[in-house]
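Peer 1: Please see the structure below; I have some questions.
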Amino acid sequence: MKKETTHRLSELAKRVQGELWGPDLEVRGVSSLELAREEELSFVESRAHLKAARKTRARALLAPPELEGELPGEKSLILCKNVRAALARIAGLFWQPAHPAPGISPLAVIEEGAEIGERVSIGPWVYVGRGARIGRQSVLYPGVFVGAGAEIGERCVLYPYVVLYPGVKLSEGVVLHAGTVIGADGFGYAQEFGPEGLRHLKIPHFGTVEIGPEVEIGANSCVDRGTFGATRIGAGTKIDNLTQVGHNVEIGEGAIIVAQCGLGGHARLGRFVMMGGQVGVAPGAEIGEGARVAAKSGISGRIAPGEEVAGIPAIPARVWRKAAVAFARLPDMVKDWLKWKKSPGGKGENP
Amino acid sequence: MKKETTHRLSELAKRVQGELWGPDLEVRGVSSLELAREEELSFVESRAHLKAARKTRARALLAPPELEGELPGEKSLILCKNVRAALARIAGLFWQPAHPAPGISPLAVIEEGAEIGERVSIGPWVYVGRGARIGRQSVLYPGVFVGAGAEIGERCVLYPYVVLYPGVKLSEGVVLHAGTVIGADGFGYAQEFGPEGLRHLKIPHFGTVEIGPEVEIGANSCVDRGTFGATRIGAGTKIDNLTQVGHNVEIGEGAIIVAQCGLGGHARLGRFVMMGGQVGVAPGAEIGEGARVAAKSGISGRIAPGEEVAGIPAIPARVWRKAAVAFARLPDMVKDWLKWKKSPGGKGENP
Amino acid sequence: MKKETTHRLSELAKRVQGELWGPDLEVRGVSSLELAREEELSFVESRAHLKAARKTRARALLAPPELEGELPGEKSLILCKNVRAALARIAGLFWQPAHPAPGISPLAVIEEGAEIGERVSIGPWVYVGRGARIGRQSVLYPGVFVGAGAEIGERCVLYPYVVLYPGVKLSEGVVLHAGTVIGADGFGYAQEFGPEGLRHLKIPHFGTVEIGPEVEIGANSCVDRGTFGATRIGAGTKIDNLTQVGHNVEIGEGAIIVAQCGLGGHARLGRFVMMGGQVGVAPGAEIGEGARVAAKSGISGRIAPGEEVAGIPAIPARVWRKAAVAFARLPDMVKDWLKWKKSPGGKGENP
């Protein structure tokens, strides 16, 4: 929720280690170039936004130093190298969470032996199972389900209808958006041939899920519990909506996983991996630290640290980009190839 | 729910501007060729259904005029050009919604300052936040969550466990299927290198979602709120299950988006775009009015209005179809290519 | 939940028709090679696990007979051909479900005419619609929604926030994980051009969903109801999380469908089909009994029984694997092709 407050540009510049050029105005908020009002601060991330910057009503702009000369002279500027990070920091000053106040709704059900920390907010129709623990200042929106023995750290926010199966563990500051399910059984069956054909015997899932501090997971995503050990998501990792994280997956710290990715059982992602949307990772595949995976890729085997890959199966992205362009020429190539095959050279004859 | 009623074929023909051939029977319902009973009307969409039409028990058929001569002589026929549209209209006459009756369940929680219109149905365990507004004749199934200040137009239907985050807006006649989440934060972070490696700073989401009239969205889909402005879905657009619509996406009127598509932040889809299932659209991509995107395609950049595209990245569908066929010949082509490279021509020698 | 119990290896060997080698120890549980404690049984599925088997603390191992000579001599071994099936059976002995006890929560709403079998567990905030039927020993976790007239067989388990739309049918032993939605309307519209452009008329969905015995469906998946007839899932089929099953799809018995697959309307899958994650199946496509579809494939048309396919569109997997390798060589091939086109041979000239 937008907070009614004002800040001086000089103060904001200091906070983001930026340099103020022009009058030290007071601003009342942050917005995009198109939507900003006069008294708001806006931002220019790259040359592509210069045109919009000339039209914006905002009288103050965050911008990278190299664009200073190309921005309208009448604007106040805060120049800083990482505009996006500065934007995140400054926008945070104008933002306040609108979570429900602390307190336990009389409409919630708290089973025996559950431990609820101080200043926790528990909404109506929240279920907290036996022996579950909820850390201080956490917020459970209406309809959150916390299975027996599950643990929620401090300052977590669980939006409506988040489901934690029994025994899963969230560290502090974890945010789970509406409808996300943590700790359902992994997809593990043993195949057996019987008199009636193939049968799938369920492998019980004794494991759990452990989610590190400051992880955020989008809406309607799923993280399955491990078969024996835990499925683990490292500190500060951010996962978008509708993502599938299979049993015993291990994701390092600070990874970024865009919507609708699917990580097969036992897949391992190093720290700081960045993954576009709709990527599929095969069971047991490994992706090294800092690797970048283009949207819609299919990963199997092993991706080296720092590599940039694309395609199904994924290959180095610079090769993939050329191959993808070449793909459109395949019909013509095939025609010529067939012609060539009939030629003396194609028949292996001496010309 | 099926309605117990009968209609004369002549009446139905008139309603769909069709032409009745044969006896003016009374029919009690509509069904597929395989399942229809004698007293039901069935339908033939194309020549592919002629065989089934000869076996159907239905004594009356909807069919396109050009098939008239090939259909069994003893059936009554309603001939009309758009059989599928006629089917939708006629089936609607035999259908009645089975929504819960108007009234507010004593098990719902309505916060202060919420406005509830006439003849609204609010089921048990529905939460309506402060200042939310619900238009007349809307139906909120059990467990719907309406965040503070959210607005729901008239005649909307929200199935169980739909979640509206604070401030989102639905126009009239919007239908949201179970588990769909509207208005969660977009996936926006600023990357910053600190002493411990990459950090992701959350960019607060000040924006909202605006959904136009008569939009229908399937089950477990997600529409994220805008960072500053709104994520917008135009009137009459229909979106299938498990679809991801990112922050600040704009979808024009009358689009069709099949299940499991993912639209990245700031993507723009023109009116009447039709998109097969599992398509991915990169952040900021634009798809022109009336363009058609084949299932599983990956869109980046710009697709011209009316174009038909396929592939990752998407190329004109007619090229893609040929290239996809050629793809299977690649192994043989590579063999010959390697052979050719060793030949005098491949080595650049004079033959 | 892990059960506190012990079993003798001789007893376990008998149960799985395996052969015991070494001392007849008592074991207290089952675990992976890495996590097992001394008194637990672990398992070796293939040669790839031999290294871990040498380091495990477990004093007893399940293993295939052909690895016997390569395993540490001091371990007790249960040798059996299908290690995974034996693991499933034995793990089941150490596992007990931790479902809520039978009984109907006073916080549930049971509408008139609903029939509840013996020893059913109905949690808080469960809604059971008019005329719905719930078979004996079934478990409905908090927040399950059962639409009017829906039928649930014996021994089913519905995790939190599962939604059954009216009239759908589950056979006995069906397990539905949290957030799964059964019976929402299929995505069926008729297109019509009006004065304002394309319009999508909703085709009412008179059909239902029928789910066979012992089917398990993961979290946040969707199975749409049929337009007229039923969407059907055969006995023993297992479906992972976030999967879309369209209207009138028919899936045979014993199929395996990994996460995030999407099956278009009227698709037909034979018995024992196995499908990797993120596969898309076009409306009306047919996949024959026992066919195997690689992850991320796109299926249209018809796949023969027993075939193994991959790619978009899917081709025989052995061809696809070679073509996928060849794809990375396309940029070089195109270069040579363009060179060749300029050569006398490419110009069709006599050399």
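Chain labels follow the order of the structure tokens: the first chain is A, the next B, and so on; residue numbering restarts at 1 in every chain, and ligands are counted from 1 in their shown order.
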Tell me, as a PDB file with N, CA and C atoms, in the first residue's frame, which residues lie within 7 Å of Pro213 (chain C), counting only C-alpha atoms; anything in the same chain fewer than 4 positions away does not count.

Peer 2:
```pdb
ATOM      1  N   SER C 171     -13.744 -42.841  -7.884  1.00  0.00           N
ATOM      2  CA  SER C 171     -13.840 -44.224  -7.396  1.00  0.00           C
ATOM      3  C   SER C 171     -13.094 -44.370  -6.083  1.00  0.00           C
ATOM      4  N   GLU C 172     -12.927 -45.597  -5.640  1.00  0.00           N
ATOM      5  CA  GLU C 172     -12.289 -45.834  -4.335  1.00  0.00           C
ATOM      6  C   GLU C 172     -10.787 -45.615  -4.406  1.00  0.00           C
ATOM      7  N   GLY C 173     -10.243 -45.201  -3.272  1.00  0.00           N
ATOM      8  CA  GLY C 173      -8.788 -45.089  -3.152  1.00  0.00           C
ATOM      9  C   GLY C 173      -8.160 -43.963  -3.942  1.00  0.00           C
ATOM     10  N   VAL C 174      -8.941 -42.988  -4.352  1.00  0.00           N
ATOM     11  CA  VAL C 174      -8.379 -41.855  -5.099  1.00  0.00           C
ATOM     12  C   VAL C 174      -7.722 -40.866  -4.124  1.00  0.00           C
ATOM     13  N   ALA C 235      -8.117 -46.484 -13.976  1.00  0.00           N
ATOM     14  CA  ALA C 235      -7.641 -47.024 -12.692  1.00  0.00           C
ATOM     15  C   ALA C 235      -6.125 -47.003 -12.598  1.00  0.00           C
ATOM     16  N   GLY C 236      -5.635 -46.599 -11.449  1.00  0.00           N
ATOM     17  CA  GLY C 236      -4.208 -46.703 -11.165  1.00  0.00           C
ATOM     18  C   GLY C 236      -3.333 -45.692 -11.870  1.00  0.00           C
TER      19      GLY C 236
END
```

Peer 1: If you count only C-alpha atoms, which residues fall within 8 Å of Trp320 (chain C), apart from same-chain ones fewer than 6 positions away, as a list of chain:residue names?

Peer 2: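 Listed by chain and then number, they are B:Ala328, C:Val309, C:Ala310, C:Gly311.
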
Peer 1: Let me see the file: selected residues, C-alpha atoms, as a PDB file, in the first residue's frame.

Peer 2:
```pdb
ATOM      1  CA  ALA B 328      13.792 -35.157 -38.702  1.00  0.00           C
TER       2      ALA B 328
ATOM      3  CA  VAL C 309       8.658 -40.238 -29.134  1.00  0.00           C
ATOM      4  CA  ALA C 310      10.204 -36.843 -28.495  1.00  0.00           C
ATOM      5  CA  GLY C 311      10.203 -33.330 -29.903  1.00  0.00           C
TER       6      GLY C 311
END
```

Peer 1: Run DSSP on the backbone and grab whatever in region 160-300 of chain B lands in strand (DSSP E); send it over as a CSV table (one decimal) with C-alpha atoms, in the first residue's frame.

Peer 2:
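So out-v8.csv came out as:
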```csv
chain,number,residue,atom,x,y,z
B,163,VAL,CA,-8.2,-15.0,-4.3
B,164,LEU,CA,-8.4,-11.3,-5.1
B,169,LYS,CA,-11.0,-4.7,-10.2
B,170,LEU,CA,-13.3,-7.0,-12.0
B,175,VAL,CA,-16.1,-15.6,-14.2
B,176,LEU,CA,-13.1,-16.9,-12.3
B,181,VAL,CA,-5.3,-15.8,-7.9
B,182,ILE,CA,-5.6,-12.2,-9.1
B,189,TYR,CA,13.5,-7.7,-8.2
B,190,ALA,CA,16.6,-5.6,-8.6
B,191,GLN,CA,19.9,-7.4,-8.7
B,192,GLU,CA,22.8,-6.1,-6.7
B,193,PHE,CA,26.2,-7.5,-5.9
B,194,GLY,CA,27.1,-7.5,-2.3
B,197,GLY,CA,27.2,-12.4,-3.9
B,198,LEU,CA,24.1,-11.6,-5.8
B,199,ARG,CA,21.1,-10.2,-3.9
B,200,HIS,CA,17.6,-9.7,-5.1
B,201,LEU,CA,15.9,-6.6,-3.8
B,202,LYS,CA,12.1,-6.7,-4.0
B,208,THR,CA,-3.3,-3.4,-9.7
B,209,VAL,CA,-5.2,-5.6,-12.0
B,210,GLU,CA,-8.2,-4.6,-14.2
B,211,ILE,CA,-10.3,-7.3,-15.8
B,216,GLU,CA,-13.6,-15.9,-18.1
B,217,ILE,CA,-10.4,-17.3,-16.5
B,222,CYS,CA,-2.5,-16.3,-11.9
B,223,VAL,CA,-2.7,-12.7,-12.9
B,230,ALA,CA,-2.3,-2.0,-14.0
B,231,THR,CA,-2.2,-5.4,-15.6
B,232,ARG,CA,-5.2,-5.3,-18.0
B,233,ILE,CA,-7.4,-8.0,-19.6
B,238,LYS,CA,-11.1,-16.1,-22.3
B,239,ILE,CA,-8.2,-17.6,-20.5
B,244,GLN,CA,0.4,-17.1,-15.9
B,245,VAL,CA,-0.2,-13.4,-16.7
B,250,GLU,CA,-2.0,-5.8,-21.5
B,251,ILE,CA,-4.4,-8.2,-23.3
B,256,ILE,CA,-8.2,-16.7,-26.5
B,257,ILE,CA,-5.4,-18.1,-24.4
B,262,GLY,CA,2.9,-17.8,-19.6
B,263,LEU,CA,2.9,-14.1,-20.4
B,268,ARG,CA,1.2,-6.8,-25.0
B,269,LEU,CA,-1.4,-8.8,-26.8
B,274,MET,CA,-5.5,-16.6,-30.3
B,275,MET,CA,-2.9,-18.6,-28.5
B,280,GLY,CA,5.6,-18.5,-23.6
B,281,VAL,CA,5.7,-14.8,-24.2
B,286,GLU,CA,4.1,-7.5,-28.5
B,287,ILE,CA,1.6,-9.6,-30.5
B,292,ARG,CA,-2.4,-16.7,-34.0
B,293,VAL,CA,0.3,-18.4,-32.0
B,298,GLY,CA,8.1,-19.0,-27.7
B,299,ILE,CA,7.4,-15.4,-28.5
```

Peer 1: Identify every residue of chain C that has at least one atom within 6 Å of any atom of chain B, counting only C-alpha atoms, and report the result as a ChimeraX atom specification.

Peer 2: /C:190,203,228,322-323

Peer 1: Would you kindly return, as a ChimeraX atom specification, each protein, DNA or RNA residue with an atom no farther than 9 Å from any atom of Gly207 (chain A), considering only C-alpha atoms and excluding same-chain residues fewer than 5 positions away?

Peer 2: /A:167-168,183,185,225-231,247-248

Peer 1: I'd like the contact shell of Glu38 (chain C) - 8 Å cut-off, only C-alpha atoms, skipping same-chain residues fewer than 3 positions apart - returned as a list in words.

Peer 2: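 Near neighbours after the sequence-gap exclusion: Arg57, Ala58 and Arg59 of chain C.
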
Peer 1: Please identify which residues in region 44-145 of chain C DSSP calls helix (DSSP H, G or I) from the backbone, and express them as a list of chain:residue names.

Peer 2: C:Arg47, C:Ala48, C:His49, C:Leu50, C:Lys51, C:Ala52, C:Ala53, C:Arg54, C:Lys55, C:Pro65, C:Glu66, C:Leu67, C:Glu68, C:Gly69, C:Glu70, C:Val83, C:Arg84, C:Ala85, C:Ala86, C:Leu87, C:Ala88, C:Arg89, C:Ile90, C:Ala91, C:Gly92, C:Leu93

Peer 1: Would you mind listing what lies within 10 Å of Glu118 (chain B) as number ranges by chain, with only C-alpha atoms counted and same-chain residues fewer than 5 positions away left out?

Peer 2: B: 102-103, 134-138, 154

Peer 1: Kindly save the residues from that selection, with C-alpha atoms included, as a PDB file, in the first residue's frame.

Peer 2:
```pdb
ATOM      1  CA  PRO B 102     -28.574 -15.051  -3.080  1.00  0.00           C
ATOM      2  CA  GLY B 103     -27.848 -14.354   0.547  1.00  0.00           C
ATOM      3  CA  ILE B 134     -19.382  -6.453  -4.808  1.00  0.00           C
ATOM      4  CA  GLY B 135     -21.820  -5.737  -7.622  1.00  0.00           C
ATOM      5  CA  ARG B 136     -25.377  -6.995  -7.707  1.00  0.00           C
ATOM      6  CA  GLN B 137     -26.160 -10.618  -8.532  1.00  0.00           C
ATOM      7  CA  SER B 138     -22.576 -11.714  -8.176  1.00  0.00           C
ATOM      8  CA  GLU B 154     -22.298  -7.169 -11.402  1.00  0.00           C
TER       9      GLU B 154
END
```

Peer 1: To one decimal in Å, tell me the separation between CA of Glu115 (chain B) and CA of Pro106 (chain A).

Peer 2: 23.8 Å

Peer 1: May I ask for the distance between CA of Pro64 (chain B) and CA of Glu196 (chain C), given in Å to one decimal place?

Peer 2: 24.1 Å

Peer 1: Would you list the contacts of Trp21 (chain A) as a list of chain:residue names, taking every protein, DNA or RNA residue within 10 Å and counting only C-alpha atoms, but skipping same-chain residues closer than 2 positions in sequence?

Peer 2: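 Counting only C-alpha atoms, the residues come to A:Leu9, A:Ser10, A:Ala13, A:Gly18, A:Glu19, A:Pro23, A:Asp24, A:Ala60, A:Leu61, A:Glu68, A:Gly73, A:Lys75, A:Ser76, A:Leu77, A:Ile78, A:Leu79.
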
Peer 1: Go ahead and dump the residues you just picked, N, CA and C atoms, as a compact mmCIF listing (two decimals), in the first residue's frame.

Peer 2:
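Resulting contents of again-v7.txt:
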```
# COMPACT_ATOMS: atom_id res chain seq x y z
N LEU A 9 15.04 14.89 -2.20
CA LEU A 9 15.93 14.20 -3.14
C LEU A 9 17.33 14.01 -2.55
N SER A 10 17.80 15.00 -1.82
CA SER A 10 19.15 14.90 -1.25
C SER A 10 19.24 13.71 -0.30
N ALA A 13 19.18 10.54 -2.47
CA ALA A 13 20.45 10.36 -3.16
C ALA A 13 21.47 9.74 -2.21
N GLY A 18 23.87 7.92 -4.54
CA GLY A 18 23.80 8.58 -5.84
C GLY A 18 24.19 10.04 -5.71
N GLU A 19 24.21 10.72 -6.85
CA GLU A 19 24.63 12.11 -6.88
C GLU A 19 23.44 12.95 -7.33
N PRO A 23 17.74 21.02 -8.49
CA PRO A 23 17.09 21.44 -7.26
C PRO A 23 16.71 20.26 -6.35
N ASP A 24 16.84 20.48 -5.06
CA ASP A 24 16.58 19.44 -4.05
C ASP A 24 15.09 19.42 -3.70
N ALA A 60 11.59 14.80 -11.19
CA ALA A 60 12.86 14.23 -10.71
C ALA A 60 13.00 12.82 -11.25
N LEU A 61 14.23 12.48 -11.63
CA LEU A 61 14.49 11.18 -12.24
C LEU A 61 15.71 10.50 -11.63
N GLU A 68 23.24 11.24 -18.33
CA GLU A 68 22.98 12.56 -17.78
C GLU A 68 22.82 13.63 -18.88
N GLY A 73 17.04 19.07 -19.31
CA GLY A 73 17.79 19.90 -18.37
C GLY A 73 16.99 20.40 -17.18
N LYS A 75 14.90 18.81 -15.33
CA LYS A 75 14.60 17.81 -14.30
C LYS A 75 15.72 17.76 -13.25
N SER A 76 15.33 17.47 -12.02
CA SER A 76 16.34 17.10 -11.03
C SER A 76 16.72 15.64 -11.27
N LEU A 77 17.98 15.33 -11.12
CA LEU A 77 18.44 13.96 -11.37
C LEU A 77 19.15 13.38 -10.15
N ILE A 78 18.87 12.11 -9.88
CA ILE A 78 19.72 11.35 -8.95
C ILE A 78 20.47 10.35 -9.82
N LEU A 79 21.77 10.55 -9.95
CA LEU A 79 22.56 9.68 -10.81
C LEU A 79 23.17 8.55 -9.97
```

Peer 1: So what do you get for CA of His49 (chain B) versus CA of Ile303 (chain C), distance-wise?

Peer 2: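 Here the two named atoms are 21.5 Å from each other.
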